[in-house]
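The data block below is final.cif; it holds mmCIF, C-alpha atoms and all ligand atoms; chains and numbers go by the auth columns.
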data_run
#
loop_
_atom_site.group_PDB
_atom_site.id
_atom_site.type_symbol
_atom_site.label_atom_id
_atom_site.label_comp_id
_atom_site.label_asym_id
_atom_site.label_seq_id
_atom_site.Cartn_x
_atom_site.Cartn_y
_atom_site.Cartn_z
_atom_site.B_iso_or_equiv
_atom_site.auth_seq_id
_atom_site.auth_asym_id
ATOM 1 C CA MET A 1 173.935 -139.038 59.516 0.00 807 A
ATOM 2 C CA GLU A 2 170.221 -139.636 58.979 0.00 808 A
ATOM 3 C CA ARG A 3 168.403 -141.373 56.169 0.00 809 A
ATOM 4 C CA THR A 4 164.987 -140.486 54.831 0.00 810 A
ATOM 5 C CA LEU A 5 162.502 -141.894 52.336 0.00 811 A
ATOM 6 C CA VAL A 6 161.315 -139.956 49.300 0.00 812 A
ATOM 7 C CA LEU A 7 158.749 -141.039 46.709 0.00 813 A
ATOM 8 C CA LEU A 8 158.397 -139.217 43.406 0.00 814 A
ATOM 9 C CA LYS A 9 154.675 -139.547 42.762 0.00 815 A
ATOM 10 C CA PRO A 10 152.970 -140.287 39.413 0.00 816 A
ATOM 11 C CA ASP A 11 152.465 -136.581 38.667 0.00 817 A
ATOM 12 C CA ALA A 12 156.220 -135.958 38.964 0.00 818 A
ATOM 13 C CA ILE A 13 156.827 -138.801 36.528 0.00 819 A
ATOM 14 C CA GLN A 14 154.140 -137.761 34.038 0.00 820 A
ATOM 15 C CA ARG A 15 155.262 -134.153 34.137 0.00 821 A
ATOM 16 C CA ASP A 16 158.897 -135.055 33.456 0.00 822 A
ATOM 17 C CA LEU A 17 160.068 -133.564 36.749 0.00 823 A
ATOM 18 C CA VAL A 18 162.116 -136.546 37.923 0.00 824 A
ATOM 19 C CA GLY A 19 165.461 -135.112 36.813 0.00 825 A
ATOM 20 C CA GLU A 20 164.641 -131.660 38.172 0.00 826 A
ATOM 21 C CA ILE A 21 163.704 -133.035 41.602 0.00 827 A
ATOM 22 C CA LEU A 22 166.645 -135.443 41.842 0.00 828 A
ATOM 23 C CA SER A 23 168.938 -132.640 40.784 0.00 829 A
ATOM 24 C CA ARG A 24 167.679 -130.416 43.610 0.00 830 A
ATOM 25 C CA PHE A 25 168.592 -133.068 46.183 0.00 831 A
ATOM 26 C CA GLU A 26 171.991 -133.640 44.596 0.00 832 A
ATOM 27 C CA ARG A 27 172.790 -129.940 44.404 0.00 833 A
ATOM 28 C CA LYS A 28 171.773 -129.492 48.046 0.00 834 A
ATOM 29 C CA GLY A 29 174.493 -131.945 49.020 0.00 835 A
ATOM 30 C CA LEU A 30 172.325 -134.910 49.974 0.00 836 A
ATOM 31 C CA LYS A 31 173.655 -138.345 49.148 0.00 837 A
ATOM 32 C CA ILE A 32 171.575 -140.856 47.177 0.00 838 A
ATOM 33 C CA VAL A 33 171.971 -144.223 48.893 0.00 839 A
ATOM 34 C CA GLY A 34 168.978 -146.004 47.284 0.00 840 A
ATOM 35 C CA LEU A 35 167.002 -145.435 44.090 0.00 841 A
ATOM 36 C CA LYS A 36 164.433 -147.552 42.230 0.00 842 A
ATOM 37 C CA MET A 37 161.165 -147.517 40.306 0.00 843 A
ATOM 38 C CA MET A 38 158.251 -149.491 41.702 0.00 844 A
ATOM 39 C CA GLN A 39 154.525 -150.035 41.149 0.00 845 A
ATOM 40 C CA LEU A 40 152.882 -149.669 44.547 0.00 846 A
ATOM 41 C CA SER A 41 150.515 -152.433 45.660 0.00 847 A
ATOM 42 C CA ASP A 42 147.279 -151.935 47.608 0.00 848 A
ATOM 43 C CA GLU A 43 148.949 -153.610 50.545 0.00 849 A
ATOM 44 C CA LEU A 44 151.972 -151.299 50.588 0.00 850 A
ATOM 45 C CA LEU A 45 149.806 -148.193 50.203 0.00 851 A
ATOM 46 C CA ASN A 46 147.466 -149.275 53.004 0.00 852 A
ATOM 47 C CA GLU A 47 150.517 -149.570 55.232 0.00 853 A
ATOM 48 C CA HIS A 48 152.252 -146.423 54.037 0.00 854 A
ATOM 49 C CA TYR A 49 149.146 -144.251 54.355 0.00 855 A
ATOM 50 C CA SER A 50 147.661 -146.085 57.349 0.00 856 A
ATOM 51 C CA HIS A 51 147.086 -142.690 59.033 0.00 857 A
ATOM 52 C CA LEU A 52 144.677 -141.841 56.181 0.00 858 A
ATOM 53 C CA VAL A 53 142.684 -145.105 56.046 0.00 859 A
ATOM 54 C CA GLY A 54 139.075 -144.135 56.769 0.00 860 A
ATOM 55 C CA ARG A 55 139.407 -140.583 55.387 0.00 861 A
ATOM 56 C CA ASP A 56 136.980 -139.948 52.516 0.00 862 A
ATOM 57 C CA PHE A 57 139.821 -139.062 50.126 0.00 863 A
ATOM 58 C CA PHE A 58 141.874 -142.184 50.875 0.00 864 A
ATOM 59 C CA PRO A 59 140.607 -144.296 47.914 0.00 865 A
ATOM 60 C CA GLU A 60 141.478 -141.427 45.565 0.00 866 A
ATOM 61 C CA VAL A 61 144.952 -141.024 47.062 0.00 867 A
ATOM 62 C CA LYS A 62 145.507 -144.722 46.590 0.00 868 A
ATOM 63 C CA SER A 63 144.395 -144.853 42.985 0.00 869 A
ATOM 64 C CA PHE A 64 146.395 -141.705 42.222 0.00 870 A
ATOM 65 C CA MET A 65 149.526 -143.322 43.636 0.00 871 A
ATOM 66 C CA GLN A 66 148.942 -146.322 41.366 0.00 872 A
ATOM 67 C CA LEU A 67 148.483 -144.410 38.091 0.00 873 A
ATOM 68 C CA THR A 68 152.110 -145.054 37.150 0.00 874 A
ATOM 69 C CA PRO A 69 155.115 -146.535 38.919 0.00 875 A
ATOM 70 C CA VAL A 70 156.747 -144.215 41.444 0.00 876 A
ATOM 71 C CA ILE A 71 160.423 -143.584 42.083 0.00 877 A
ATOM 72 C CA ALA A 72 161.610 -144.445 45.566 0.00 878 A
ATOM 73 C CA LEU A 73 164.672 -142.720 46.858 0.00 879 A
ATOM 74 C CA CYS A 74 166.647 -143.006 50.058 0.00 880 A
ATOM 75 C CA LEU A 75 168.690 -139.918 50.884 0.00 881 A
ATOM 76 C CA GLU A 76 171.392 -139.554 53.503 0.00 882 A
ATOM 77 C CA GLY A 77 172.845 -136.509 55.229 0.00 883 A
ATOM 78 C CA THR A 78 173.113 -134.577 58.474 0.00 884 A
ATOM 79 C CA ASP A 79 169.577 -133.627 59.622 0.00 885 A
ATOM 80 C CA CYS A 80 168.426 -135.164 56.357 0.00 886 A
ATOM 81 C CA VAL A 81 164.798 -135.749 57.408 0.00 887 A
ATOM 82 C CA ASN A 82 164.014 -132.116 58.224 0.00 888 A
ATOM 83 C CA THR A 83 166.155 -130.794 55.402 0.00 889 A
ATOM 84 C CA VAL A 84 164.271 -132.849 52.818 0.00 890 A
ATOM 85 C CA ARG A 85 160.935 -131.907 54.390 0.00 891 A
ATOM 86 C CA ALA A 86 161.841 -128.240 54.036 0.00 892 A
ATOM 87 C CA LEU A 87 162.902 -128.697 50.408 0.00 893 A
ATOM 88 C CA CYS A 88 159.545 -130.364 49.617 0.00 894 A
ATOM 89 C CA GLY A 89 157.235 -127.738 51.146 0.00 895 A
ATOM 90 C CA VAL A 90 153.846 -128.172 52.801 0.00 896 A
ATOM 91 C CA THR A 91 151.231 -130.745 51.727 0.00 897 A
ATOM 92 C CA LYS A 92 148.926 -128.224 49.978 0.00 898 A
ATOM 93 C CA ALA A 93 151.138 -127.428 47.016 0.00 899 A
ATOM 94 C CA ARG A 94 149.353 -124.150 46.194 0.00 900 A
ATOM 95 C CA GLU A 95 150.325 -122.888 49.646 0.00 901 A
ATOM 96 C CA ALA A 96 153.864 -124.260 49.602 0.00 902 A
ATOM 97 C CA ALA A 97 156.608 -121.662 49.808 0.00 903 A
ATOM 98 C CA PRO A 98 158.247 -120.478 46.597 0.00 904 A
ATOM 99 C CA GLY A 99 161.531 -122.256 46.124 0.00 905 A
ATOM 100 C CA THR A 100 160.239 -125.557 47.499 0.00 906 A
ATOM 101 C CA ILE A 101 159.494 -128.470 45.174 0.00 907 A
ATOM 102 C CA ARG A 102 155.752 -128.340 45.807 0.00 908 A
ATOM 103 C CA GLY A 103 155.822 -124.526 45.833 0.00 909 A
ATOM 104 C CA GLU A 104 157.577 -124.352 42.483 0.00 910 A
ATOM 105 C CA PHE A 105 155.771 -127.101 40.597 0.00 911 A
ATOM 106 C CA GLY A 106 152.468 -127.999 42.287 0.00 912 A
ATOM 107 C CA MET A 107 148.884 -126.689 42.338 0.00 913 A
ATOM 108 C CA SER A 108 147.115 -129.540 44.129 0.00 914 A
ATOM 109 C CA VAL A 109 146.812 -131.240 47.510 0.00 915 A
ATOM 110 C CA GLN A 110 146.677 -134.727 46.060 0.00 916 A
ATOM 111 C CA ALA A 111 149.019 -134.256 43.119 0.00 917 A
ATOM 112 C CA ASN A 112 151.778 -132.704 45.197 0.00 918 A
ATOM 113 C CA LEU A 113 154.611 -134.474 43.397 0.00 919 A
ATOM 114 C CA ILE A 114 156.515 -135.971 46.278 0.00 920 A
ATOM 115 C CA HIS A 115 156.382 -137.844 49.552 0.00 921 A
ATOM 116 C CA CYS A 116 159.042 -137.513 52.217 0.00 922 A
ATOM 117 C CA SER A 117 159.244 -138.907 55.731 0.00 923 A
ATOM 118 C CA ASP A 118 157.907 -136.458 58.315 0.00 924 A
ATOM 119 C CA SER A 119 160.172 -137.358 61.248 0.00 925 A
ATOM 120 C CA LEU A 120 163.223 -139.439 62.037 0.00 926 A
ATOM 121 C CA GLU A 121 161.010 -142.084 63.670 0.00 927 A
ATOM 122 C CA THR A 122 158.843 -142.269 60.542 0.00 928 A
ATOM 123 C CA ALA A 123 161.912 -142.422 58.305 0.00 929 A
ATOM 124 C CA GLN A 124 163.252 -145.364 60.266 0.00 930 A
ATOM 125 C CA VAL A 125 160.025 -147.246 59.486 0.00 931 A
ATOM 126 C CA GLU A 126 159.567 -145.993 55.920 0.00 932 A
ATOM 127 C CA VAL A 127 163.065 -146.671 54.564 0.00 933 A
ATOM 128 C CA PRO A 128 162.898 -150.431 55.281 0.00 934 A
ATOM 129 C CA ARG A 129 159.269 -150.483 54.089 0.00 935 A
ATOM 130 C CA PHE A 130 160.458 -149.545 50.597 0.00 936 A
ATOM 131 C CA PHE A 131 164.054 -150.791 50.480 0.00 937 A
ATOM 132 C CA LYS A 132 165.622 -154.131 51.284 0.00 938 A
ATOM 133 C CA ALA A 133 168.963 -153.881 53.095 0.00 939 A
ATOM 134 C CA GLU A 134 170.829 -154.931 49.946 0.00 940 A
ATOM 135 C CA GLU A 135 169.202 -152.130 47.941 0.00 941 A
ATOM 136 C CA LEU A 136 170.834 -149.472 50.139 0.00 942 A
ATOM 137 C CA PHE A 137 174.468 -148.576 49.591 0.00 943 A
ATOM 138 C CA GLU A 138 177.365 -147.240 51.584 0.00 944 A
ATOM 139 C CA TYR A 139 180.096 -145.628 49.532 0.00 945 A
ATOM 140 C CA PRO A 140 182.631 -142.841 50.000 0.00 946 A
ATOM 141 C CA ASP A 141 181.425 -139.336 49.301 0.00 947 A
ATOM 142 C CA ALA A 142 184.328 -137.534 47.634 0.00 948 A
ATOM 143 C CA LEU A 143 183.003 -134.052 48.402 0.00 949 A
ATOM 144 C CA ILE A 144 181.942 -134.590 52.003 0.00 950 A
ATOM 145 C CA ASN A 145 184.522 -132.167 53.413 0.00 951 A
ATOM 146 C CA TYR A 146 183.335 -129.464 51.054 0.00 952 A
ATOM 147 C CA VAL A 147 179.622 -130.045 51.606 0.00 953 A
ATOM 148 C CA TYR A 148 179.948 -130.161 55.406 0.00 954 A
ATOM 149 C CA SER A 149 183.132 -128.124 55.921 0.00 955 A
ATOM 150 C CA ALA A 150 181.946 -126.087 58.944 0.00 956 A
ATOM 151 C CA ARG A 151 179.028 -128.419 59.876 0.00 957 A
HETATM 152 N N1 LIG B . 146.121 -135.909 50.623 0.00 1001 B
HETATM 153 C C1 LIG B . 144.998 -135.588 49.895 0.00 1001 B
HETATM 154 N N2 LIG B . 144.019 -134.811 50.497 0.00 1001 B
HETATM 155 C C2 LIG B . 144.144 -134.366 51.771 0.00 1001 B
HETATM 156 C C3 LIG B . 145.300 -134.711 52.507 0.00 1001 B
HETATM 157 C C4 LIG B . 146.269 -135.483 51.903 0.00 1001 B
HETATM 158 O O1 LIG B . 144.851 -135.964 48.739 0.00 1001 B
HETATM 159 O O2 LIG B . 143.249 -133.662 52.262 0.00 1001 B
HETATM 160 C C5 LIG B . 147.172 -136.732 49.982 0.00 1001 B
HETATM 161 C C6 LIG B . 148.377 -135.895 49.533 0.00 1001 B
HETATM 162 O O3 LIG B . 148.869 -136.453 48.321 0.00 1001 B
HETATM 163 C C7 LIG B . 149.370 -136.110 50.646 0.00 1001 B
HETATM 164 C C8 LIG B . 149.076 -137.551 51.037 0.00 1001 B
HETATM 165 O O4 LIG B . 147.660 -137.680 50.916 0.00 1001 B
HETATM 166 O O5 LIG B . 150.706 -135.917 50.204 0.00 1001 B
HETATM 167 C C9 LIG B . 149.496 -137.908 52.452 0.00 1001 B
HETATM 168 O O6 LIG B . 148.962 -136.997 53.353 0.00 1001 B
HETATM 169 P P1 LIG B . 149.829 -136.457 54.581 0.00 1001 B
HETATM 170 O O7 LIG B . 148.889 -135.697 55.466 0.00 1001 B
HETATM 171 O O8 LIG B . 150.598 -137.578 55.165 0.00 1001 B
HETATM 172 O O9 LIG B . 150.778 -135.347 53.909 0.00 1001 B
HETATM 173 P P2 LIG B . 152.320 -135.348 53.449 0.00 1001 B
HETATM 174 O O10 LIG B . 153.125 -135.941 54.566 0.00 1001 B
HETATM 175 O O11 LIG B . 152.421 -136.112 52.166 0.00 1001 B
HETATM 176 O O12 LIG B . 152.649 -133.882 53.239 0.00 1001 B
#
Show how you would write the structure in this file as structure tokens.
Amino acid sequence: MERTLVLLKPDAIQRDLVGEILSRFERKGLKIVGLKMMQLSDELLNEHYSHLVGRDFFPEVKSFMQLTPVIALCLEGTDCVNTVRALCGVTKAREAAPGTIRGEFGMSVQANLIHCSDSLETAQVEVPRFFKAEELFEYPDALINYVYSAR
């Protein structure tokens, strides 16, 4: 079982898409093991988007991510990182495949609704960046044999 980090960005919150997006993950069969709202600090964003520091659009990305609180989500499941990535769609929302979250709801590169970890290694850094150990939960999943029946 893998865990991955998801952030619902300010555009998802303003556009009332939180329930829709959470529902997609639930219906897919992914397990929510952490969920909270948080206002992102400069410090956290500098760390989270450290690969973008120095890019001309970085200040805009940062202020966009601070327009409202975001919703942080930790999801668990088999091959969860790649599965969530596929459900989100590519960064440029206009080019994201129909059926994906960005492909269905987004028109922008910056306002692309959602962040998700891009690899297992990244997820292992990003989950503890946003969640304390006591904010993540282990609990029985009543439907696990139906969701994963044949693996
Ligand atoms: N971004 C942007 N302009 C760009 C590239 C990225 O505004 O040219 C924003 C966009 O919101 C993206 C975030 O910066 O989601 C992080 O970029 P990254 O390349 O890590 O893409 P992601 O992993 O989010 O798809």
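Picture a line from atom CA of Thr810 of chain A to atom CA of Ile950 of chain A; it runs 18.2 Å.
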| message | Under the PyMOL selection byres (((chain A and resi 889-898) around 8) and not hetatm), which residues of this model are included? Write them out as a PyMOL selection string. | response | chain A and resi 810+831+885-888+899-903+905-909+913-916+918+920+922-924
| request: Can you pull out every residue within 10 Å of Pro934 of chain A, counting all atoms listed in the file, but drop anything in the same chain fewer than 5 positions away, and send it as a PyMOL selection string? | output: chain A and resi 811+880+929+939+941-942
| message | My list of candidates is A:His857, A:Arg821, A:Lys834, A:Arg809. Which is closest to ligand LIG 1001 (chain B) when distances are computed with only C-alpha atoms and all ligand atoms? | response | A:His857
| request: On this file, the PyMOL selection byres (((chain A and resi 848-854) around 12) and not hetatm) gives some set of residues; write that set as a VMD selection string. | output: chain A and resid 811 813 844 to 847 855 to 860 864 to 872 876 921 to 923 928 to 929 931 to 936
Quick one: write out the picked residues with C-alpha atoms as a PDB file, keeping the file's coordinate frame?
ATOM      1  CA  LEU A 811     162.502-141.894  52.336  1.00  0.00           C
ATOM      2  CA  LEU A 813     158.749-141.039  46.709  1.00  0.00           C
ATOM      3  CA  MET A 844     158.251-149.491  41.702  1.00  0.00           C
ATOM      4  CA  GLN A 845     154.525-150.035  41.149  1.00  0.00           C
ATOM      5  CA  LEU A 846     152.882-149.669  44.547  1.00  0.00           C
ATOM      6  CA  SER A 847     150.515-152.433  45.660  1.00  0.00           C
ATOM      7  CA  TYR A 855     149.146-144.251  54.355  1.00  0.00           C
ATOM      8  CA  SER A 856     147.661-146.085  57.349  1.00  0.00           C
ATOM      9  CA  HIS A 857     147.086-142.690  59.033  1.00  0.00           C
ATOM     10  CA  LEU A 858     144.677-141.841  56.181  1.00  0.00           C
ATOM     11  CA  VAL A 859     142.684-145.105  56.046  1.00  0.00           C
ATOM     12  CA  GLY A 860     139.075-144.135  56.769  1.00  0.00           C
ATOM     13  CA  PHE A 864     141.874-142.184  50.875  1.00  0.00           C
ATOM     14  CA  PRO A 865     140.607-144.296  47.914  1.00  0.00           C
ATOM     15  CA  GLU A 866     141.478-141.427  45.565  1.00  0.00           C
ATOM     16  CA  VAL A 867     144.952-141.024  47.062  1.00  0.00           C
ATOM     17  CA  LYS A 868     145.507-144.722  46.590  1.00  0.00           C
ATOM     18  CA  SER A 869     144.395-144.853  42.985  1.00  0.00           C
ATOM     19  CA  PHE A 870     146.395-141.705  42.222  1.00  0.00           C
ATOM     20  CA  MET A 871     149.526-143.322  43.636  1.00  0.00           C
ATOM     21  CA  GLN A 872     148.942-146.322  41.366  1.00  0.00           C
ATOM     22  CA  VAL A 876     156.747-144.215  41.444  1.00  0.00           C
ATOM     23  CA  HIS A 921     156.382-137.844  49.552  1.00  0.00           C
ATOM     24  CA  CYS A 922     159.042-137.513  52.217  1.00  0.00           C
ATOM     25  CA  SER A 923     159.244-138.907  55.731  1.00  0.00           C
ATOM     26  CA  THR A 928     158.843-142.269  60.542  1.00  0.00           C
ATOM     27  CA  ALA A 929     161.912-142.422  58.305  1.00  0.00           C
ATOM     28  CA  VAL A 931     160.025-147.246  59.486  1.00  0.00           C
ATOM     29  CA  GLU A 932     159.567-145.993  55.920  1.00  0.00           C
ATOM     30  CA  VAL A 933     163.065-146.671  54.564  1.00  0.00           C
ATOM     31  CA  PRO A 934     162.898-150.431  55.281  1.00  0.00           C
ATOM     32  CA  ARG A 935     159.269-150.483  54.089  1.00  0.00           C
ATOM     33  CA  PHE A 936     160.458-149.545  50.597  1.00  0.00           C
TER      34      PHE A 936
END
Please give the centre and size of the box around segment 835-846 of chain A (axis-aligned, containing every atom listed in the file, 3 Å added per side), with values in Å to one decimal and written as JSON.
{"center_x": 163.7, "center_y": -141.0, "center_z": 45.1, "size_x": 27.6, "size_y": 24.1, "size_z": 15.7}
| remark: Expressed in Å, the length from atom CA of Glu882 of chain A to atom CA of Ile838 of chain A is 6.5 Å
| task | Name the residues in contact with Leu841 of chain A at a cut-off of 8 Å, using only C-alpha atoms, excluding same-chain residues fewer than 6 positions from it; report them as a list in words. | result | Ile877, Ala878, Leu879 and Cys880 of chain A
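Atom pair atom CA of Glu944 of chain A / atom CA of Lys837 of chain A: separated by 9.9 Å.
If you measure from each of A:Leu836, A:Leu881, A:Val812, A:Met843 to ligand LIG 1001 (chain B) using all atoms listed in the file, the closest one turns out to be A:Val812.
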| said: What's around Ala948 of chain A at 12 Å? Count all atoms listed in the file, leave out sequence neighbours fewer than 5 positions away in its own chain, and write the answer as a ChimeraX atom specification. | reply: /A:835,837,953-954
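For the choices A:Ile819, A:Leu814, A:Met807, A:Leu949, the atom-to-atom distance to ligand LIG 1001 (chain B) is smallest for A:Leu814 when using all atoms listed in the file.
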| Among listed residues A:Thr884, A:Ser925, A:Gln820, A:Ser829, nearest ligand LIG 1001 (chain B) (using all atoms listed in the file) | A:Ser925
